[in-house]
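> Mind looking over this structure? Questions follow.
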Amino acid sequence: MAISAATKAATDALAVNRAPTSVNAQEVHRWLQSFTWDFEKNRTKYPTKYKMANQTKEQFKLIAKEYARMESVKDERQFGSLQDVLTRLDAGNRVHPKWGETMKVASNFLEVGEYNAIAATGMLWDSATAPEQKNGYLAQVLDEIRHTHQCGYVNYYYSKHYHDPAGHNDARRTRTIGPLWKGMKRVFSDGFISGDAVECSINLQLVGEACFTNPLIVAITEWAAANGDEITPTVFLSIETDELRHMANGYQTVVSIANDEAASKYLNTDLNNAFWTQQKYFTPVLGMLFEYGSKFKVEPWVKTWNRWVYEDWGGIWIGRLGKYGVESPRSLRDAKKDAYWAHHDLFLLAYAMWPTGFFRLSLPSREEMDWFEENYPGWYDHYGKIYDEWRARGCEDPSSGFIPLMWFIENNHPIYIDRVSQVPFCPSLCKGASTLRVHEWNGKKHSFSDDWGERMWLTEPERYECQNMFEQYAGRELSEVIAELHGVRSDGKTLIAQPHTNKNGKLWSLDDLKKLNCVFKDPLQDL
Amino acid sequence: MSIEVQQGKRGLTDPDMVRAILAEIPDQPLDTQRKMNYFVKPRWRRLTEYEVLSCYAQPTPDWIPGGLDWGDWTQKFHGGRPSWGNETTELHATDWHKHRDPAKRWHAPYVKDKAEEWRYTDRFLLAYSAEGQVRSIDPVWRDEVLNDYLGAYCFNEYGLFNAHSSASRDCLGDTLRQSIAMIGFDKVDNAQMIQLERTFLAKLVPGFPESTDEPKREWTEGAIYKGARETVQDIWQATYDWNEILWACHMVYDPLFGQFVRREFFQRLSSYYGDTLTPFFINQMQLYFSQAKGITGDMFFECLGDDAEFGDYNRRMMRAWTDKWLPRTVQALQDFMGIFAKISKIAGVTDRAAVEAALGRVVDDWLTDFADRVSYKADPDTLIATVMKGYK
């Protein structure tokens with residue numbers, strides 16, 4: 001066979017230099033933009049009102065195998081720490097019980113966000129037209145699978161090592177019982193996957209990941225470490241290394257629509273709605289988990305919130321997007337007010353409904369009450385007095401025949417659920433900005449706690465047609481609901497949820513609860 | 001007393017904090033059940049780590065069969081369409097959460113495997129180049145077949161990769177979702193490996209074009225891949241049902257067209273043209289094909305085809321989908337047969353009899369591994385004869 005000129009040139013080159021040659025990831029990545037082609041039916045199954053550009057780049061410049069190499073290295077460090085040194089230190093059982101219970105909620109709820117982000121970024125991978133942008137979203141799809149498994153691993157680890165595995169070992173089937181679940185589903189599940197594709201990116205990447213993962217994934221590691229938990233920092237900081245890519249993806253989403261003149265009509269409204277929806281849940285829930293779910297306090301939540309949400313995100317991050325027409329959400333100022341009292345309001349309700357949880361809650365100790373009053377002047381007169389009364393009535397003791405939910409009924413403080421955020425609120429008792437407004441639509445009453453959510457609902461009520469827990473359980477007796485939804489431990493009768501973490505305290509059972517004859521009622525029926 | 005933590009204090013190492021924590025921990029565990037997700041029905045003898053970490057991660061309303069949650073979606077699409085719905089597929093299941101990857105791969109083992117494949121690829125390329133193995137490749141095979149036609153196959157894999165985007169969004173179960181995403185990831189890896197090989201050749205062979213221009217022209221305008229391109233476009237963008245996308249791709253098109261192109265053309269013929277480089281990459285693609293086959297086989301046969309209530313109906317739908325996608329796949333293969341006119345004939349290797357035999361192997365495998373499992377009747381002789389009409 002004849003030797004071509006190219007072969008001869010290759011042979012000559014080898015004679016001079018036989019240096020080993022390979023190809024690096026960037027050398028492949030620079031061709032990715034050319035991997036697609038135009039054809040008649042080329043369109044997404046998830047259309048968007050925005051026009052995404054074809055030439056948007058991706059910052060991390062990964063190819064599949066290089067992605068795997070990077071993630072595998074991080075996995076080796078993380079699982080090595082968990083399975084070797086932390087296990088030998090018995091770290092999983094040397095966590096303060098208050099915090100151990102907090103992690104039942106935090107890791108399970110973050111897992112929900114990570115799981116739904118798999119589908120969310122699958123949608124964006126489908127919607128984007130630029131191959132590099134698709135590539136960035138694809139890497140995120142895999143990241144989200146990683147994070148789902150990492151959050152699961154925290155519970156898996158705690159199930160093996162922590163002294164109260166109940167709740168860590170079964171949250172995926174018991175989480176639906178309580179009042180915290182539906183709001184979680186709203187912000188971290190359906191808000192990421194149901195709607196205009198770019199709107200979902202704004203929810204997931206521009207708000208969820210660029211804003212609230214900072215307190216949820218970064219700040220939480222400080223609280224965890226302070227309370228003896230080295231499991232969470234080991235895992236969550238490894239998760240956070242991927243979040244940078246996700247924030248970059250959100251940034252690129254905005255870049256991809258920046259040249260669309262119509263984008264400015266929608267972008268800031270979508271951003272405002274996404275921010276308000278998420279802050280409405282995370283501002284109170286994270287503050288509650290940190291401050292009420294710890295023995296050792298790091299700093300008041302309002303300070304953390306101000307640093308991460310108001311200054312870092314609302315100022316710096318959104319500021320960087322200013323050149324693309326992005327403005328800080330108009331609702332940011334109202335959110336800042338919520339950051340002071342909303343988590344205290346929510347804990348009051350969460351503790352009142354403790355039997356519906358998959359974790360143990362505990363009332364603030366005397367020294368914690370001092371801390372609350374010191375950092376939130378006026379706290380004791382509003383909240384502390386109520387907790388003292390509940391404690392005096394024996395709310396922690398199963399023989400007392402008292403759960404704080406009864407106090408709300410006795411004192412005529414009805415608890416409503418905000419239809420848009422799904423967050424419970426008590427307008428007659430809250431110190432935060434919640435006020436009751438009720439609308440009738442489609443043969444049903446709907447309650448709302450604020451202007452922003454009310455406005456979202458008035459625009460598109462069909463998007464929020466969802467039963468809340470009071471409507472769902474109306475007429476059902478409390479212990480019956482809990483038994484049906486598996487809220488009991490392996491003995492079949494002791495509740496997973498408890499109103500204390502006292503090591504010598506008695507645990508409540510289904511029978512204790514049944515004696516109270518608490519029947520769910522929808523407060524909207526009385527209006 | 002203030003209990004605010006001073007900067008840098010950690011509860012596991014600070015003696016005072018350790019004492020305070022240990023004082024609160026009970027002497028005995030409060031529960032004996034230490035297995036996470038103990039309520040999951042194991043597929044194998046014991047609940048695996050893969051199942052513990054993957055099963056029921058998905059929040060699902062009670063009308064998506066198999067999920068554990070109850071209640072509705074909290075936010076819907078504009079107009080009120082739900083987040084996930086049974087109507088996104090024609091197939092039915094009593095449990096959308098039943099699927100298991102036979103390889104039990106969750107994220108960590110998945111990236112560990114692929115990371116090792118990357119390290120091994122790098123080592124292999126260094127050794128291959130240092131030895132000067134590139135000198136042995138037949139110039140026509142290298143400059144026309146590898147550049148144009150292997151290069152064009154990159155777009156086949158890239159299109160199929162994209163077909164998994166909506167499927168990974170729409171599917172109704174958690175184990176399914178991660179399996180589909182991983183299969184899609186493997187497909188884009190295939191496309192990238194092809195470009196990686198071309199970039200490598202461009203470094204070793206002066207004048208070998210690294211650009212994707214010519215391969216793309218071949219893919220979009222050439223006759224060899226015309227049927228393939230049209231089929232890939234339809235799987236990717238013209239099909240809404242996520243199960244049909246997966247069925248068309250992994251149960252019909254790829255086991256026939258993909259297997260012939262990869263295994264019976266590039267893999268089998270490479271050595272005859274002095275090419276020991278391409279088989280290295282094709283073998284990785286074949287590994288991914290094998291893994292995807294295990295996953296999709298479990299989904300379509302074990303879960304959906306054998307569903308206690310909907311099995312018969314599902315198999316009927318699968319046969320109907322095969323009726324739809326098989327003729328397009330046959331056309332893609334028939335068009336591809338034109339490639340044999342572009343290369344020098346080697347008796348017993350690229351002549352009609354040898355190509356028919358190669359095609360026979362692919363068709364036999366497909367009948368055994370796919371068609372027979374849903375009782376789909378196809379005549380291999382007719383299939384082969386139709387495809388061979390394209391052989392010149």
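Note on naming: chains are A, B, ... as they come in the structure tokens, residues start from 1 per chain, ligands start from 1 in the order shown.
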Pick out the residues sitting within 6 Å of B:Ala181, and hand them over as a list of chain:residue names; count only C-alpha atoms, and ignore anything fewer than 3 positions along from it in its own chain.
B:Ser168, B:Gln178, B:Gly184
> Pick out each residue of stretch 80-224 of chain B that DSSP on the backbone tags as helix (DSSP H, G or I); I need them as a PDB file with C-alpha atoms, in the first residue's frame.

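Generated file (states_1.pdb):
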```
ATOM      1  CA  ASN B  86     -48.790   9.664  34.247  1.00  0.00           C
ATOM      2  CA  GLU B  87     -49.918  11.108  30.922  1.00  0.00           C
ATOM      3  CA  THR B  88     -46.304  11.779  29.857  1.00  0.00           C
ATOM      4  CA  HIS B 107     -23.051   8.500  41.717  1.00  0.00           C
ATOM      5  CA  ALA B 108     -19.827   7.645  43.523  1.00  0.00           C
ATOM      6  CA  PRO B 109     -19.181   4.259  41.884  1.00  0.00           C
ATOM      7  CA  TYR B 110     -20.283   5.681  38.543  1.00  0.00           C
ATOM      8  CA  VAL B 111     -17.725   8.508  38.504  1.00  0.00           C
ATOM      9  CA  LYS B 112     -15.068   6.251  40.008  1.00  0.00           C
ATOM     10  CA  ASP B 113     -15.379   3.900  37.037  1.00  0.00           C
ATOM     11  CA  LYS B 114     -15.348   6.705  34.507  1.00  0.00           C
ATOM     12  CA  ALA B 115     -12.463   8.494  36.200  1.00  0.00           C
ATOM     13  CA  GLU B 116     -10.411   5.321  35.908  1.00  0.00           C
ATOM     14  CA  GLU B 117     -11.373   5.035  32.246  1.00  0.00           C
ATOM     15  CA  TRP B 118     -10.066   8.587  31.759  1.00  0.00           C
ATOM     16  CA  ARG B 119      -6.796   7.855  33.539  1.00  0.00           C
ATOM     17  CA  TYR B 120      -6.384   4.686  31.514  1.00  0.00           C
ATOM     18  CA  THR B 121      -7.201   6.554  28.297  1.00  0.00           C
ATOM     19  CA  ASP B 122      -4.498   9.088  29.048  1.00  0.00           C
ATOM     20  CA  ARG B 123      -1.930   6.377  29.794  1.00  0.00           C
ATOM     21  CA  PHE B 124      -2.896   4.509  26.654  1.00  0.00           C
ATOM     22  CA  LEU B 125      -2.544   7.564  24.410  1.00  0.00           C
ATOM     23  CA  LEU B 126       0.876   8.358  25.829  1.00  0.00           C
ATOM     24  CA  ALA B 127       2.087   4.836  25.151  1.00  0.00           C
ATOM     25  CA  TYR B 128       0.444   4.635  21.723  1.00  0.00           C
ATOM     26  CA  SER B 129       2.038   7.875  20.565  1.00  0.00           C
ATOM     27  CA  ALA B 130       5.456   7.104  21.985  1.00  0.00           C
ATOM     28  CA  GLU B 131       5.520   3.782  20.141  1.00  0.00           C
ATOM     29  CA  GLN B 133       1.721   2.994  16.319  1.00  0.00           C
ATOM     30  CA  VAL B 134       0.007   5.627  14.206  1.00  0.00           C
ATOM     31  CA  ARG B 135       2.350   4.788  11.330  1.00  0.00           C
ATOM     32  CA  SER B 136       0.542   1.538  10.685  1.00  0.00           C
ATOM     33  CA  PRO B 139      -4.094   6.347   4.935  1.00  0.00           C
ATOM     34  CA  VAL B 140      -7.521   5.995   3.324  1.00  0.00           C
ATOM     35  CA  TRP B 141      -8.953   4.439   6.453  1.00  0.00           C
ATOM     36  CA  ARG B 142      -7.391   7.199   8.529  1.00  0.00           C
ATOM     37  CA  ASP B 143      -8.085  10.259   6.387  1.00  0.00           C
ATOM     38  CA  GLU B 144     -11.486   9.331   5.017  1.00  0.00           C
ATOM     39  CA  VAL B 145     -13.068   6.716   7.245  1.00  0.00           C
ATOM     40  CA  LEU B 146     -11.868   7.910  10.634  1.00  0.00           C
ATOM     41  CA  ASN B 147     -11.976  11.585   9.816  1.00  0.00           C
ATOM     42  CA  ASP B 148     -15.232  11.740   7.892  1.00  0.00           C
ATOM     43  CA  TYR B 149     -17.297   8.779   9.003  1.00  0.00           C
ATOM     44  CA  LEU B 150     -16.168   8.119  12.571  1.00  0.00           C
ATOM     45  CA  GLY B 151     -16.195  11.901  12.929  1.00  0.00           C
ATOM     46  CA  ALA B 152     -19.767  12.012  11.651  1.00  0.00           C
ATOM     47  CA  TYR B 153     -20.780   9.274  14.106  1.00  0.00           C
ATOM     48  CA  CYS B 154     -19.945  11.808  16.846  1.00  0.00           C
ATOM     49  CA  PHE B 155     -23.146  13.622  15.864  1.00  0.00           C
ATOM     50  CA  ASN B 156     -25.156  10.407  16.094  1.00  0.00           C
ATOM     51  CA  GLU B 157     -24.044  10.013  19.678  1.00  0.00           C
ATOM     52  CA  TYR B 158     -24.500  13.708  20.449  1.00  0.00           C
ATOM     53  CA  GLY B 159     -28.081  13.635  19.155  1.00  0.00           C
ATOM     54  CA  LEU B 160     -28.894  10.525  21.181  1.00  0.00           C
ATOM     55  CA  PHE B 161     -27.320  12.131  24.244  1.00  0.00           C
ATOM     56  CA  ASN B 162     -29.737  15.028  23.846  1.00  0.00           C
ATOM     57  CA  ALA B 163     -32.667  12.666  23.510  1.00  0.00           C
ATOM     58  CA  HIS B 164     -32.132  11.852  27.187  1.00  0.00           C
ATOM     59  CA  SER B 165     -32.685  15.404  28.400  1.00  0.00           C
ATOM     60  CA  SER B 166     -36.476  15.414  28.356  1.00  0.00           C
ATOM     61  CA  ALA B 167     -36.560  11.765  29.428  1.00  0.00           C
ATOM     62  CA  SER B 168     -34.490  12.568  32.517  1.00  0.00           C
ATOM     63  CA  ARG B 169     -36.892  15.431  33.241  1.00  0.00           C
ATOM     64  CA  ASP B 170     -40.154  13.615  32.599  1.00  0.00           C
ATOM     65  CA  ASP B 174     -36.071   8.135  41.175  1.00  0.00           C
ATOM     66  CA  THR B 175     -33.905   5.155  40.251  1.00  0.00           C
ATOM     67  CA  LEU B 176     -35.063   5.607  36.658  1.00  0.00           C
ATOM     68  CA  ARG B 177     -34.101   9.264  36.636  1.00  0.00           C
ATOM     69  CA  GLN B 178     -30.524   8.688  37.677  1.00  0.00           C
ATOM     70  CA  SER B 179     -30.161   5.734  35.309  1.00  0.00           C
ATOM     71  CA  ILE B 180     -31.393   7.788  32.361  1.00  0.00           C
ATOM     72  CA  ALA B 181     -29.094  10.687  33.203  1.00  0.00           C
ATOM     73  CA  MET B 182     -26.115   8.331  33.408  1.00  0.00           C
ATOM     74  CA  ILE B 183     -26.934   6.716  30.059  1.00  0.00           C
ATOM     75  CA  GLY B 184     -27.199  10.182  28.496  1.00  0.00           C
ATOM     76  CA  PHE B 185     -23.894  11.131  30.059  1.00  0.00           C
ATOM     77  CA  ASP B 186     -22.266   8.038  28.548  1.00  0.00           C
ATOM     78  CA  LYS B 187     -23.614   9.006  25.134  1.00  0.00           C
ATOM     79  CA  VAL B 188     -22.036  12.453  25.226  1.00  0.00           C
ATOM     80  CA  ASP B 189     -18.865  10.805  26.473  1.00  0.00           C
ATOM     81  CA  ASN B 190     -18.914   8.703  23.284  1.00  0.00           C
ATOM     82  CA  ALA B 191     -19.238  11.834  21.161  1.00  0.00           C
ATOM     83  CA  GLN B 192     -16.403  13.494  23.048  1.00  0.00           C
ATOM     84  CA  MET B 193     -14.183  10.402  22.746  1.00  0.00           C
ATOM     85  CA  ILE B 194     -14.573  10.504  18.973  1.00  0.00           C
ATOM     86  CA  GLN B 195     -13.449  14.117  18.874  1.00  0.00           C
ATOM     87  CA  LEU B 196     -10.685  13.255  21.326  1.00  0.00           C
ATOM     88  CA  GLU B 197      -9.419  10.572  18.917  1.00  0.00           C
ATOM     89  CA  ARG B 198      -9.531  13.034  16.023  1.00  0.00           C
ATOM     90  CA  THR B 199      -7.663  15.674  18.043  1.00  0.00           C
ATOM     91  CA  PHE B 200      -5.082  13.049  18.977  1.00  0.00           C
ATOM     92  CA  LEU B 201      -4.618  12.026  15.355  1.00  0.00           C
ATOM     93  CA  ALA B 202      -4.265  15.673  14.354  1.00  0.00           C
ATOM     94  CA  LYS B 203      -1.394  15.978  16.805  1.00  0.00           C
ATOM     95  CA  LEU B 204       0.382  12.907  15.453  1.00  0.00           C
ATOM     96  CA  ASP B 213     -16.487  20.827   9.658  1.00  0.00           C
ATOM     97  CA  GLU B 214     -16.071  17.892   7.326  1.00  0.00           C
ATOM     98  CA  PRO B 215     -17.649  15.285   9.625  1.00  0.00           C
ATOM     99  CA  LYS B 216     -20.590  17.598  10.212  1.00  0.00           C
ATOM    100  CA  ARG B 217     -21.035  18.081   6.474  1.00  0.00           C
ATOM    101  CA  GLU B 218     -21.002  14.304   6.079  1.00  0.00           C
ATOM    102  CA  TRP B 219     -23.587  13.903   8.856  1.00  0.00           C
ATOM    103  CA  THR B 220     -25.928  16.644   7.702  1.00  0.00           C
ATOM    104  CA  GLU B 221     -25.589  16.365   3.920  1.00  0.00           C
TER     105      GLU B 221
END
```
> Smallest atom-to-atom distance to chain A: which of B:Asp62, B:Asp298, B:Asp138, B:Glu244, using only C-alpha atoms?
B:Asp138
> List as an NGL selection string the protein and nucleic acid residues near B:Trp325, meaning an atom at most 12 Å away when only C-alpha atoms are counted, but skip any in the same chain fewer than 5 places from it.
:B and (227-228 or 230-232 or 234-235 or 239 or 244-254 or 256-257 or 318-320 or 330-332)
> Write out the residues from the selection above, keeping C-alpha atoms, as a PDB file, in the first residue's frame.

```
ATOM      1  CA  GLY B 227     -31.318   7.596   7.485  1.00  0.00           C
ATOM      2  CA  ALA B 228     -29.426   7.683  10.766  1.00  0.00           C
ATOM      3  CA  GLU B 230     -33.347  11.520  10.338  1.00  0.00           C
ATOM      4  CA  THR B 231     -33.964   8.805  12.927  1.00  0.00           C
ATOM      5  CA  VAL B 232     -31.810  10.482  15.560  1.00  0.00           C
ATOM      6  CA  ASP B 234     -36.925  12.154  15.437  1.00  0.00           C
ATOM      7  CA  ILE B 235     -35.903  10.334  18.619  1.00  0.00           C
ATOM      8  CA  THR B 239     -40.974  12.183  20.263  1.00  0.00           C
ATOM      9  CA  GLU B 244     -40.873   5.797  23.601  1.00  0.00           C
ATOM     10  CA  ILE B 245     -37.674   7.866  23.377  1.00  0.00           C
ATOM     11  CA  LEU B 246     -35.857   5.272  25.458  1.00  0.00           C
ATOM     12  CA  TRP B 247     -37.431   2.355  23.632  1.00  0.00           C
ATOM     13  CA  ALA B 248     -36.629   3.775  20.195  1.00  0.00           C
ATOM     14  CA  CYS B 249     -33.073   4.566  21.200  1.00  0.00           C
ATOM     15  CA  HIS B 250     -32.045   1.614  23.338  1.00  0.00           C
ATOM     16  CA  MET B 251     -34.332  -1.184  22.250  1.00  0.00           C
ATOM     17  CA  VAL B 252     -34.383  -0.667  18.480  1.00  0.00           C
ATOM     18  CA  TYR B 253     -32.019   1.888  16.952  1.00  0.00           C
ATOM     19  CA  ASP B 254     -28.854   1.530  19.002  1.00  0.00           C
ATOM     20  CA  LEU B 256     -29.130  -2.509  15.506  1.00  0.00           C
ATOM     21  CA  PHE B 257     -27.611   0.547  13.871  1.00  0.00           C
ATOM     22  CA  MET B 318     -43.525  -1.895  22.901  1.00  0.00           C
ATOM     23  CA  ARG B 319     -44.314  -4.005  19.841  1.00  0.00           C
ATOM     24  CA  ALA B 320     -46.200  -1.070  18.325  1.00  0.00           C
ATOM     25  CA  VAL B 330     -33.383  -0.533   8.732  1.00  0.00           C
ATOM     26  CA  GLN B 331     -33.259   2.468   6.400  1.00  0.00           C
ATOM     27  CA  ALA B 332     -30.400   3.935   8.457  1.00  0.00           C
TER      28      ALA B 332
END
```
> Provide as a PDB file with C-alpha atoms, in the first residue's frame the residues of chain A at most 6 Å from chain B, counting only C-alpha atoms.

```
ATOM      1  CA  ALA A   6       0.700  12.627   5.838  1.00  0.00           C
ATOM      2  CA  ALA A  10       4.174  11.522  10.792  1.00  0.00           C
ATOM      3  CA  ARG A  18       9.032  10.302  20.184  1.00  0.00           C
ATOM      4  CA  ALA A  19       7.688  12.298  23.134  1.00  0.00           C
ATOM      5  CA  PRO A  20       4.480  10.773  24.490  1.00  0.00           C
ATOM      6  CA  THR A  21       1.418  12.745  23.482  1.00  0.00           C
ATOM      7  CA  SER A  22      -2.063  12.890  24.921  1.00  0.00           C
ATOM      8  CA  VAL A  28     -11.811  18.449  23.404  1.00  0.00           C
ATOM      9  CA  ASN A  42     -35.258  21.149  16.392  1.00  0.00           C
ATOM     10  CA  ALA A  64     -17.591  13.865  30.720  1.00  0.00           C
ATOM     11  CA  LYS A  65     -14.489  11.974  31.773  1.00  0.00           C
ATOM     12  CA  ALA A  68     -15.819  12.156  36.628  1.00  0.00           C
ATOM     13  CA  ARG A  69     -12.161  12.502  37.593  1.00  0.00           C
ATOM     14  CA  SER A  72     -14.173  11.026  42.151  1.00  0.00           C
ATOM     15  CA  HIS A  96     -25.465  17.240  70.651  1.00  0.00           C
ATOM     16  CA  ALA A 119     -35.114  17.058  36.765  1.00  0.00           C
ATOM     17  CA  GLY A 122     -32.662  18.003  32.748  1.00  0.00           C
ATOM     18  CA  MET A 123     -35.279  20.498  31.600  1.00  0.00           C
ATOM     19  CA  TRP A 125     -30.422  20.752  29.196  1.00  0.00           C
ATOM     20  CA  ASP A 126     -33.444  20.247  26.923  1.00  0.00           C
ATOM     21  CA  ARG A 146     -24.308  13.285  43.586  1.00  0.00           C
ATOM     22  CA  HIS A 149     -26.807  10.631  47.370  1.00  0.00           C
ATOM     23  CA  GLY A 152     -28.885  10.469  51.775  1.00  0.00           C
ATOM     24  CA  TYR A 156     -27.453   6.687  56.268  1.00  0.00           C
ATOM     25  CA  SER A 159     -28.806   5.919  61.101  1.00  0.00           C
ATOM     26  CA  LYS A 160     -25.830   3.693  61.820  1.00  0.00           C
ATOM     27  CA  HIS A 163     -28.160   7.376  69.275  1.00  0.00           C
ATOM     28  CA  ASP A 164     -31.605   8.175  67.854  1.00  0.00           C
ATOM     29  CA  ASN A 169     -33.705   6.092  58.835  1.00  0.00           C
ATOM     30  CA  ASP A 170     -37.218   6.661  57.532  1.00  0.00           C
ATOM     31  CA  ARG A 173     -41.763   8.090  54.030  1.00  0.00           C
ATOM     32  CA  ARG A 186     -43.048  24.192  47.083  1.00  0.00           C
ATOM     33  CA  ASP A 190     -42.168  22.044  42.309  1.00  0.00           C
ATOM     34  CA  SER A 194     -42.833  23.405  36.990  1.00  0.00           C
ATOM     35  CA  GLY A 195     -43.026  26.501  34.864  1.00  0.00           C
ATOM     36  CA  ALA A 225     -19.175  21.832  63.951  1.00  0.00           C
ATOM     37  CA  ALA A 226     -19.984  23.915  67.005  1.00  0.00           C
ATOM     38  CA  ASN A 227     -22.478  21.275  68.118  1.00  0.00           C
ATOM     39  CA  GLY A 228     -20.147  18.308  67.690  1.00  0.00           C
ATOM     40  CA  PHE A 296     -24.102  26.108  71.017  1.00  0.00           C
ATOM     41  CA  LYS A 297     -25.008  29.242  69.092  1.00  0.00           C
ATOM     42  CA  VAL A 298     -22.764  30.621  66.373  1.00  0.00           C
ATOM     43  CA  GLU A 462     -54.476  27.503  38.991  1.00  0.00           C
ATOM     44  CA  ARG A 463     -50.775  27.040  39.708  1.00  0.00           C
ATOM     45  CA  TYR A 464     -51.309  26.815  43.467  1.00  0.00           C
ATOM     46  CA  CYS A 466     -52.990  22.283  46.457  1.00  0.00           C
ATOM     47  CA  LYS A 503     -32.106  11.713  77.851  1.00  0.00           C
TER      48      LYS A 503
END
```
> Do a neighbour search on B:Lys345 at 12 Å with only C-alpha atoms, toss out local chain neighbours closer than 3 positions, and write the hits as a PDB file with C-alpha atoms, in the first residue's frame.

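The resulting file, selection.pdb, is reproduced below:
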```
ATOM      1  CA  TRP B 141      -8.953   4.439   6.453  1.00  0.00           C
ATOM      2  CA  LEU B 269     -12.378  -3.647  10.480  1.00  0.00           C
ATOM      3  CA  TYR B 272      -7.441  -4.944   8.984  1.00  0.00           C
ATOM      4  CA  TYR B 273      -6.482  -1.355   8.178  1.00  0.00           C
ATOM      5  CA  ILE B 339     -19.685   3.035   3.207  1.00  0.00           C
ATOM      6  CA  PHE B 340     -18.345  -0.267   1.894  1.00  0.00           C
ATOM      7  CA  ALA B 341     -17.972   1.310  -1.540  1.00  0.00           C
ATOM      8  CA  LYS B 342     -15.602   3.855   0.007  1.00  0.00           C
ATOM      9  CA  GLY B 348     -13.768 -12.427   3.773  1.00  0.00           C
ATOM     10  CA  VAL B 349     -13.878  -9.126   5.628  1.00  0.00           C
ATOM     11  CA  THR B 350     -15.699  -6.476   3.670  1.00  0.00           C
ATOM     12  CA  ASP B 351     -17.187  -8.515   0.829  1.00  0.00           C
ATOM     13  CA  ARG B 352     -20.903  -9.128   0.670  1.00  0.00           C
ATOM     14  CA  ALA B 353     -20.823 -12.444   2.482  1.00  0.00           C
ATOM     15  CA  ALA B 354     -18.753 -11.065   5.339  1.00  0.00           C
ATOM     16  CA  VAL B 355     -20.944  -8.016   5.718  1.00  0.00           C
ATOM     17  CA  LYS B 392     -22.467  -1.776  -3.327  1.00  0.00           C
TER      18      LYS B 392
END
```
